[in-house]
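Have a look at protein_1.csv; it's CSV, N, CA and C atoms:
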```
chain,number,residue,atom,x,y,z
A,1,MET,N,-11.6,-20.4,4.8
A,1,MET,CA,-11.6,-19.9,3.5
A,1,MET,C,-10.4,-18.9,3.3
A,2,ALA,N,-9.6,-19.1,2.2
A,2,ALA,CA,-8.4,-18.3,2.0
A,2,ALA,C,-8.8,-16.8,1.9
A,3,GLY,N,-7.9,-15.9,2.4
A,3,GLY,CA,-8.1,-14.5,2.4
A,3,GLY,C,-9.0,-13.9,3.5
A,4,ARG,N,-9.4,-14.8,4.4
A,4,ARG,CA,-10.2,-14.3,5.5
A,4,ARG,C,-9.4,-13.8,6.6
A,5,VAL,N,-9.8,-12.7,7.3
A,5,VAL,CA,-9.1,-12.1,8.4
A,5,VAL,C,-9.7,-12.8,9.6
A,6,ALA,N,-8.9,-13.5,10.4
A,6,ALA,CA,-9.4,-14.3,11.5
A,6,ALA,C,-9.1,-13.8,12.9
A,7,LYS,N,-8.5,-12.6,13.0
A,7,LYS,CA,-8.2,-12.2,14.4
A,7,LYS,C,-8.6,-10.7,14.5
A,8,ALA,N,-8.8,-10.3,15.8
A,8,ALA,CA,-9.4,-9.0,16.1
A,8,ALA,C,-8.4,-8.0,16.6
A,9,GLY,N,-7.1,-8.3,16.4
A,9,GLY,CA,-6.0,-7.4,16.8
A,9,GLY,C,-5.5,-6.7,15.5
A,10,PRO,N,-4.3,-6.1,15.6
A,10,PRO,CA,-3.8,-5.5,14.4
A,10,PRO,C,-3.6,-6.6,13.3
A,11,VAL,N,-4.0,-6.3,12.1
A,11,VAL,CA,-4.1,-7.2,11.0
A,11,VAL,C,-3.1,-6.8,9.9
A,12,SER,N,-2.3,-7.8,9.5
A,12,SER,CA,-1.3,-7.6,8.5
A,12,SER,C,-1.9,-7.2,7.2
A,13,LEU,N,-1.3,-6.2,6.5
A,13,LEU,CA,-1.8,-5.8,5.2
A,13,LEU,C,-1.6,-6.8,4.1
A,14,GLU,N,-0.7,-7.8,4.4
A,14,GLU,CA,-0.5,-8.8,3.4
A,14,GLU,C,-1.7,-9.7,3.2
A,15,ALA,N,-2.7,-9.7,4.2
A,15,ALA,CA,-3.9,-10.4,4.0
A,15,ALA,C,-4.9,-9.6,3.1
A,16,MET,N,-4.6,-8.3,2.9
A,16,MET,CA,-5.6,-7.5,2.1
A,16,MET,C,-5.0,-7.1,0.7
A,17,GLY,N,-3.7,-7.2,0.5
A,17,GLY,CA,-3.2,-6.8,-0.8
A,17,GLY,C,-1.8,-7.3,-1.0
A,18,ARG,N,-1.3,-7.2,-2.2
A,18,ARG,CA,0.1,-7.6,-2.5
A,18,ARG,C,0.6,-6.8,-3.7
A,19,ALA,N,1.8,-6.4,-3.6
A,19,ALA,CA,2.5,-5.7,-4.8
A,19,ALA,C,3.5,-6.7,-5.3
A,20,PHE,N,3.7,-6.7,-6.6
A,20,PHE,CA,4.6,-7.6,-7.3
A,20,PHE,C,5.8,-6.8,-7.9
A,21,MET,N,7.0,-7.2,-7.6
A,21,MET,CA,8.2,-6.5,-8.0
A,21,MET,C,9.0,-7.3,-9.0
A,22,ASP,N,9.7,-6.6,-9.9
A,22,ASP,CA,10.6,-7.3,-10.8
A,22,ASP,C,12.0,-7.4,-10.2
A,23,GLU,N,13.0,-7.9,-11.0
A,23,GLU,CA,14.3,-8.1,-10.4
A,23,GLU,C,15.0,-6.8,-10.1
A,24,LYS,N,14.6,-5.6,-10.6
A,24,LYS,CA,15.2,-4.3,-10.3
A,24,LYS,C,14.4,-3.7,-9.1
A,25,GLU,N,13.5,-4.4,-8.5
A,25,GLU,CA,12.7,-4.0,-7.4
A,25,GLU,C,11.7,-2.9,-7.8
A,26,TYR,N,11.4,-2.8,-9.1
A,26,TYR,CA,10.3,-2.0,-9.6
A,26,TYR,C,9.0,-2.7,-9.5
A,27,GLY,N,8.0,-2.1,-9.0
A,27,GLY,CA,6.7,-2.7,-9.0
A,27,GLY,C,6.0,-2.7,-10.3
A,28,PHE,N,5.3,-3.8,-10.6
A,28,PHE,CA,4.6,-3.8,-11.9
A,28,PHE,C,3.2,-4.2,-11.9
A,29,MET,N,2.7,-4.7,-10.7
A,29,MET,CA,1.3,-5.1,-10.6
A,29,MET,C,1.0,-5.2,-9.1
A,30,ALA,N,-0.3,-4.9,-8.8
A,30,ALA,CA,-0.7,-5.0,-7.4
A,30,ALA,C,-2.1,-5.6,-7.3
A,31,ASP,N,-2.4,-6.4,-6.3
A,31,ASP,CA,-3.7,-7.0,-6.0
A,31,ASP,C,-4.2,-6.4,-4.7
A,32,ALA,N,-5.6,-6.3,-4.7
A,32,ALA,CA,-6.3,-6.0,-3.4
A,32,ALA,C,-7.3,-7.0,-3.2
A,33,TYR,N,-7.4,-7.6,-2.0
A,33,TYR,CA,-8.3,-8.7,-1.8
A,33,TYR,C,-9.6,-8.2,-1.0
A,34,PHE,N,-10.6,-8.0,-1.7
A,34,PHE,CA,-11.8,-7.3,-1.1
A,34,PHE,C,-12.5,-8.2,0.0
A,35,GLY,N,-12.4,-9.5,-0.1
A,35,GLY,CA,-13.0,-10.3,0.9
A,35,GLY,C,-12.3,-10.1,2.3
A,36,ALA,N,-11.0,-10.0,2.3
A,36,ALA,CA,-10.3,-9.8,3.5
A,36,ALA,C,-10.6,-8.3,4.0
A,37,ILE,N,-10.6,-7.4,3.1
A,37,ILE,CA,-10.9,-6.0,3.4
A,37,ILE,C,-12.3,-5.9,4.1
A,38,HIS,N,-13.3,-6.5,3.4
A,38,HIS,CA,-14.6,-6.4,4.0
A,38,HIS,C,-14.7,-7.1,5.4
A,39,ASP,N,-14.0,-8.2,5.5
A,39,ASP,CA,-14.0,-8.9,6.8
A,39,ASP,C,-13.4,-8.0,7.9
A,40,LEU,N,-12.4,-7.3,7.6
A,40,LEU,CA,-11.8,-6.4,8.6
A,40,LEU,C,-12.8,-5.3,9.0
A,41,THR,N,-13.5,-4.8,8.1
A,41,THR,CA,-14.5,-3.7,8.4
A,41,THR,C,-15.7,-4.2,9.2
A,42,VAL,N,-15.9,-5.5,9.1
A,42,VAL,CA,-16.9,-6.2,9.9
A,42,VAL,C,-16.4,-6.3,11.3
A,43,LEU,N,-15.2,-6.7,11.5
A,43,LEU,CA,-14.6,-6.8,12.8
A,43,LEU,C,-14.4,-5.5,13.5
A,44,PHE,N,-14.0,-4.5,12.7
A,44,PHE,CA,-13.8,-3.1,13.2
A,44,PHE,C,-14.6,-2.2,12.4
A,45,PRO,N,-15.9,-1.9,12.8
A,45,PRO,CA,-16.7,-1.0,11.9
A,45,PRO,C,-16.5,0.5,12.1
A,46,PHE,N,-15.2,0.8,12.0
A,46,PHE,CA,-14.8,2.2,12.2
A,46,PHE,C,-14.6,2.9,10.8
A,47,ALA,N,-14.5,2.0,9.8
A,47,ALA,CA,-14.3,2.5,8.4
A,47,ALA,C,-15.1,1.6,7.5
A,48,GLU,N,-15.6,2.2,6.4
A,48,GLU,CA,-16.3,1.4,5.4
A,48,GLU,C,-15.4,0.6,4.5
A,49,SER,N,-15.9,-0.5,3.9
A,49,SER,CA,-15.1,-1.3,3.0
A,49,SER,C,-14.5,-0.5,1.9
A,50,ASP,N,-15.3,0.5,1.3
A,50,ASP,CA,-14.8,1.2,0.2
A,50,ASP,C,-13.6,2.1,0.6
A,51,GLN,N,-13.7,2.7,1.9
A,51,GLN,CA,-12.6,3.5,2.4
A,51,GLN,C,-11.3,2.6,2.6
A,52,LEU,N,-11.5,1.4,3.1
A,52,LEU,CA,-10.3,0.6,3.4
A,52,LEU,C,-9.8,0.1,2.0
A,53,LEU,N,-10.6,-0.2,1.1
A,53,LEU,CA,-10.2,-0.6,-0.3
A,53,LEU,C,-9.3,0.5,-0.9
A,54,GLY,N,-9.7,1.7,-0.8
A,54,GLY,CA,-8.9,2.8,-1.3
A,54,GLY,C,-7.6,2.9,-0.6
A,55,TYR,N,-7.6,2.7,0.8
A,55,TYR,CA,-6.3,2.7,1.5
A,55,TYR,C,-5.4,1.6,1.1
A,56,VAL,N,-5.9,0.3,0.9
A,56,VAL,CA,-5.1,-0.8,0.5
A,56,VAL,C,-4.5,-0.6,-0.9
A,57,ILE,N,-5.3,-0.1,-1.8
A,57,ILE,CA,-4.8,0.2,-3.1
A,57,ILE,C,-3.7,1.3,-3.0
A,58,THR,N,-3.9,2.3,-2.2
A,58,THR,CA,-2.9,3.3,-2.1
A,58,THR,C,-1.6,2.7,-1.5
A,59,HIS,N,-1.8,1.9,-0.4
A,59,HIS,CA,-0.6,1.2,0.2
A,59,HIS,C,0.1,0.3,-0.9
A,60,GLU,N,-0.6,-0.4,-1.6
A,60,GLU,CA,0.1,-1.3,-2.6
A,60,GLU,C,0.7,-0.4,-3.8
A,61,LEU,N,0.1,0.7,-4.2
A,61,LEU,CA,0.7,1.6,-5.1
A,61,LEU,C,2.0,2.1,-4.5
A,62,GLY,N,2.0,2.4,-3.2
A,62,GLY,CA,3.2,2.8,-2.5
A,62,GLY,C,4.3,1.9,-2.7
A,63,HIS,N,4.0,0.6,-2.6
A,63,HIS,CA,5.0,-0.5,-2.8
A,63,HIS,C,5.5,-0.4,-4.2
A,64,LEU,N,4.6,-0.2,-5.2
A,64,LEU,CA,5.1,-0.1,-6.6
A,64,LEU,C,6.0,1.0,-6.8
A,65,LEU,N,5.8,2.1,-6.1
A,65,LEU,CA,6.6,3.3,-6.3
A,65,LEU,C,7.8,3.4,-5.3
A,66,ILE,N,7.7,2.8,-4.1
A,66,ILE,CA,8.8,2.8,-3.2
A,66,ILE,C,9.6,1.6,-3.2
A,67,GLY,N,9.0,0.4,-3.3
A,67,GLY,CA,9.6,-0.9,-3.2
A,67,GLY,C,9.1,-1.6,-2.0
A,68,ALA,N,9.8,-2.7,-1.7
A,68,ALA,CA,9.3,-3.6,-0.6
A,68,ALA,C,9.7,-2.9,0.8
A,69,GLY,N,9.0,-3.4,1.8
A,69,GLY,CA,9.3,-2.9,3.2
A,69,GLY,C,8.2,-2.0,3.7
A,70,HIS,N,8.1,-1.9,5.0
A,70,HIS,CA,7.1,-1.1,5.7
A,70,HIS,C,7.8,-0.1,6.6
A,71,ARG,N,7.0,0.9,7.0
A,71,ARG,CA,7.4,1.9,7.9
A,71,ARG,C,6.6,1.8,9.2
A,72,PRO,N,7.1,2.5,10.3
A,72,PRO,CA,6.3,2.4,11.5
A,72,PRO,C,5.1,3.3,11.5
A,73,ASN,N,5.0,4.2,10.6
A,73,ASN,CA,3.8,5.1,10.5
A,73,ASN,C,3.5,5.5,9.1
A,74,GLY,N,2.5,6.2,8.9
A,74,GLY,CA,2.1,6.6,7.5
A,74,GLY,C,1.4,5.4,6.8
A,75,ILE,N,1.2,5.6,5.5
A,75,ILE,CA,0.5,4.6,4.7
A,75,ILE,C,1.2,3.3,4.6
A,76,MET,N,2.5,3.4,4.7
A,76,MET,CA,3.3,2.2,4.4
A,76,MET,C,3.6,1.3,5.7
A,77,ARG,N,2.7,1.5,6.7
A,77,ARG,CA,2.8,0.6,7.9
A,77,ARG,C,2.5,-0.8,7.5
A,78,ALA,N,2.9,-1.7,8.3
A,78,ALA,CA,2.7,-3.2,8.0
A,78,ALA,C,1.3,-3.7,8.4
A,79,SER,N,0.7,-3.1,9.4
A,79,SER,CA,-0.6,-3.7,9.8
A,79,SER,C,-1.6,-2.5,10.2
A,80,LEU,N,-2.8,-2.9,10.3
A,80,LEU,CA,-3.9,-2.0,10.7
A,80,LEU,C,-4.6,-2.5,11.9
A,81,GLY,N,-5.1,-1.7,12.7
A,81,GLY,CA,-6.0,-2.0,13.8
A,81,GLY,C,-7.0,-0.9,14.0
A,82,LYS,N,-7.7,-0.9,15.1
A,82,LYS,CA,-8.8,0.0,15.3
A,82,LYS,C,-8.4,1.5,15.1
A,83,ALA,N,-7.2,1.9,15.7
A,83,ALA,CA,-6.8,3.3,15.6
A,83,ALA,C,-6.6,3.7,14.1
A,84,GLU,N,-6.0,2.8,13.3
A,84,GLU,CA,-5.7,3.1,11.9
A,84,GLU,C,-7.0,3.2,11.1
A,85,LEU,N,-7.9,2.3,11.4
A,85,LEU,CA,-9.2,2.4,10.7
A,85,LEU,C,-10.0,3.7,11.1
A,86,GLU,N,-9.8,4.1,12.3
A,86,GLU,CA,-10.4,5.4,12.7
A,86,GLU,C,-9.8,6.6,11.9
A,87,GLU,N,-8.4,6.5,11.7
A,87,GLU,CA,-7.7,7.5,10.9
A,87,GLU,C,-8.2,7.5,9.5
A,88,ILE,N,-8.3,6.3,8.9
A,88,ILE,CA,-8.8,6.1,7.6
A,88,ILE,C,-10.2,6.8,7.4
A,89,ASN,N,-11.1,6.5,8.4
A,89,ASN,CA,-12.4,7.1,8.3
A,89,ASN,C,-12.4,8.6,8.4
A,90,ARG,N,-11.5,9.2,9.1
A,90,ARG,CA,-11.3,10.6,9.2
A,90,ARG,C,-10.4,11.2,8.1
A,91,ARG,N,-9.9,10.3,7.2
A,91,ARG,CA,-9.0,10.7,6.1
A,91,ARG,C,-7.8,11.4,6.6
A,92,HIS,N,-7.2,10.8,7.8
A,92,HIS,CA,-6.0,11.4,8.3
A,92,HIS,C,-4.8,10.5,8.0
A,93,LEU,N,-5.0,9.3,7.5
A,93,LEU,CA,-3.8,8.5,7.2
A,93,LEU,C,-3.3,8.8,5.8
A,94,LYS,N,-2.0,9.3,5.8
A,94,LYS,CA,-1.4,9.8,4.6
A,94,LYS,C,0.0,9.3,4.5
A,95,PHE,N,0.6,9.5,3.3
A,95,PHE,CA,2.0,9.2,3.2
A,95,PHE,C,2.8,10.1,4.1
A,96,ASN,N,3.8,9.6,4.9
A,96,ASN,CA,4.6,10.5,5.7
A,96,ASN,C,5.6,11.2,4.9
A,97,ASP,N,6.4,12.0,5.5
A,97,ASP,CA,7.4,12.8,4.7
A,97,ASP,C,8.4,11.9,4.0
A,98,TRP,N,8.9,10.9,4.7
A,98,TRP,CA,9.9,9.9,4.1
A,98,TRP,C,9.3,9.2,2.9
A,99,GLU,N,8.0,8.8,3.0
A,99,GLU,CA,7.3,8.1,1.9
A,99,GLU,C,7.2,9.0,0.7
A,100,ARG,N,6.7,10.2,0.9
A,100,ARG,CA,6.6,11.2,-0.2
A,100,ARG,C,7.9,11.5,-0.9
A,101,GLU,N,8.9,11.7,-0.1
A,101,GLU,CA,10.2,12.0,-0.7
A,101,GLU,C,10.8,10.8,-1.5
A,102,THR,N,10.6,9.6,-0.9
A,102,THR,CA,11.1,8.4,-1.6
A,102,THR,C,10.3,8.2,-2.9
A,103,ILE,N,9.0,8.4,-2.9
A,103,ILE,CA,8.2,8.2,-4.1
A,103,ILE,C,8.7,9.2,-5.2
A,104,LEU,N,8.8,10.5,-4.8
A,104,LEU,CA,9.3,11.5,-5.8
A,104,LEU,C,10.7,11.2,-6.3
A,105,ARG,N,11.6,10.7,-5.4
A,105,ARG,CA,12.9,10.4,-5.9
A,105,ARG,C,12.9,9.2,-6.8
A,106,HIS,N,12.1,8.2,-6.5
A,106,HIS,CA,12.0,7.0,-7.4
A,106,HIS,C,11.4,7.3,-8.7
A,107,LEU,N,10.4,8.2,-8.7
A,107,LEU,CA,9.7,8.6,-10.0
A,107,LEU,C,10.7,9.3,-10.8
A,108,HIS,N,11.5,10.2,-10.2
A,108,HIS,CA,12.6,11.0,-10.9
A,108,HIS,C,13.6,10.0,-11.5
A,109,ASP,N,14.1,9.0,-10.7
A,109,ASP,CA,15.0,8.1,-11.1
A,109,ASP,C,14.5,7.2,-12.3
A,110,ARG,N,13.3,6.8,-12.2
A,110,ARG,CA,12.7,6.0,-13.3
A,110,ARG,C,12.5,6.8,-14.6
A,111,LYS,N,12.2,8.1,-14.4
A,111,LYS,CA,12.0,8.9,-15.6
A,111,LYS,C,13.4,9.1,-16.3
A,112,ALA,N,14.4,9.3,-15.5
A,112,ALA,CA,15.8,9.5,-16.0
A,112,ALA,C,16.3,8.2,-16.7
A,113,ALA,N,16.0,7.0,-16.0
A,113,ALA,CA,16.4,5.8,-16.6
A,113,ALA,C,15.7,5.5,-17.9
A,114,GLY,N,14.4,5.9,-18.0
A,114,GLY,CA,13.7,5.8,-19.3
A,114,GLY,C,14.2,6.7,-20.4
A,115,GLN,N,14.6,7.9,-20.0
A,115,GLN,CA,15.2,8.8,-21.0
A,115,GLN,C,16.5,8.3,-21.5
A,116,VAL,N,17.4,7.7,-20.6
A,116,VAL,CA,18.6,7.1,-21.0
A,116,VAL,C,18.4,5.9,-22.0
A,117,GLU,N,17.4,5.1,-21.6
A,117,GLU,CA,17.1,3.9,-22.5
A,117,GLU,C,16.6,4.4,-23.8
A,118,GLN,N,15.8,5.4,-23.9
A,118,GLN,CA,15.2,6.0,-25.1
A,118,GLN,C,16.4,6.5,-26.0
A,119,ALA,N,17.3,7.2,-25.3
A,119,ALA,CA,18.4,7.8,-26.1
A,119,ALA,C,19.3,6.7,-26.7
A,120,ARG,N,19.4,5.6,-26.0
A,120,ARG,CA,20.2,4.4,-26.5
A,120,ARG,C,19.5,3.9,-27.7
A,121,ARG,N,18.2,3.8,-27.7
A,121,ARG,CA,17.5,3.3,-28.9
A,121,ARG,C,17.5,4.2,-30.1
A,122,ASP,N,17.6,5.5,-29.8
A,122,ASP,CA,17.6,6.5,-30.9
A,122,ASP,C,18.8,6.6,-31.6
```

Please, can you express the file's structure as structure tokens?
Amino acid sequence: MAGRVAKAGPVSLEAMGRAFMDEKEYGFMADAYFGAIHDLTVLFPFAESDQLLGYVITHELGHLLIGAGHRPNGIMRASLGKAELEEINRRHLKFNDWERETILRHLHDRKAAGQVEQARRD
């Protein structure tokens, strides 16, 4: 069945969600696949499905705000395993410093671009 997590090692987050980007690399929509999320929590019962769903949504929102690509640590890592699920359960998995700074910079840049566009229309 599509969307099923079939292995018991680190699992790619691509199986659990996806962010969609436009030609400017701005994100405009994200999906979270609850079937795959639930299956991972069955394989690794260290976090509940609702906790992992929140994490996947946060990860995909991170892509909408940061862009494509993954980091070796923090919320924007590429895959999850037992250790990361334990961190999610303890609420210890957060955006790292680089991720936070990049999100703030991109939000500032988008706001400025929107103000320039609005000024052109006025």

Exercise for review: Pick out the closest residue to A:Asn89 from this set: A:Ala47, A:Leu107, A:Ala119, A:Ala112. Count only N, CA and C atoms.
Suggested key: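 That would be A:Ala47, the residue with the smallest distance to A:Asn89.
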
Check your understanding: So which one's closest to A:Leu43, A:Ile75, A:Leu61, A:Ala30, A:Leu80? Using only C-alpha atoms, please.
Key ->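 Looking at the shortest contact to A:Leu43, the residue is A:Leu80.
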
Taking 4 positions as the minimum chain separation for residues in the same chain, which residues sit within 7 Å of stretch 90-93 of chain A when counting all atoms listed in the file? Answer as a PDB file with N, CA and C atoms, keeping the file's coordinate frame.
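Output below, filename selection_39.pdb:
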```pdb
ATOM      1  N   GLY A  74       2.500   6.200   8.900  1.00  0.00           N
ATOM      2  CA  GLY A  74       2.100   6.600   7.500  1.00  0.00           C
ATOM      3  C   GLY A  74       1.400   5.400   6.800  1.00  0.00           C
ATOM      4  N   ILE A  75       1.200   5.600   5.500  1.00  0.00           N
ATOM      5  CA  ILE A  75       0.500   4.600   4.700  1.00  0.00           C
ATOM      6  C   ILE A  75       1.200   3.300   4.600  1.00  0.00           C
ATOM      7  N   LEU A  85      -7.900   2.300  11.400  1.00  0.00           N
ATOM      8  CA  LEU A  85      -9.200   2.400  10.700  1.00  0.00           C
ATOM      9  C   LEU A  85     -10.000   3.700  11.100  1.00  0.00           C
ATOM     10  N   GLU A  86      -9.800   4.100  12.300  1.00  0.00           N
ATOM     11  CA  GLU A  86     -10.400   5.400  12.700  1.00  0.00           C
ATOM     12  C   GLU A  86      -9.800   6.600  11.900  1.00  0.00           C
TER      13      GLU A  86
END
```

**Study point:** Members of chain A assigned strand (DSSP E) by DSSP, as number ranges by chain
**Key:** A: 11-12, 17-21, 27-32, 79-80

Review point. When distances are computed from only C-alpha atoms, which of A:Lys111, A:Asp31, A:Arg121, A:Ala83 shows the smallest separation from A:Ile57?
Key: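 Closest to A:Ile57 of all the choices is A:Asp31.
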
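The two atoms in question, atom CA of A:Asp50 and atom C of A:Ala32, are spaced 11.6 Å apart.
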
Practice item. Could you check how far atom C of A:Val56 sits from atom C of A:Tyr33, in Å to one decimal? Key: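 Rounded to one decimal, the two atoms are 9.2 Å apart.
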
**Study point:** Pick from A:Gly67, A:Pro72, A:Gly114, A:Pro45, whichever lies nearest to A:Tyr26 using all atoms listed in the file
**Key:**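 Among A:Gly67, A:Pro72, A:Gly114, A:Pro45, it is A:Gly67 that comes nearest to A:Tyr26.
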
Point to revise | DSSP-assigned alpha helix (DSSP H) among chain A, expressed as an MDAnalysis selection string | key: chainID A and resid 34:43 49:66 82:89 97:121
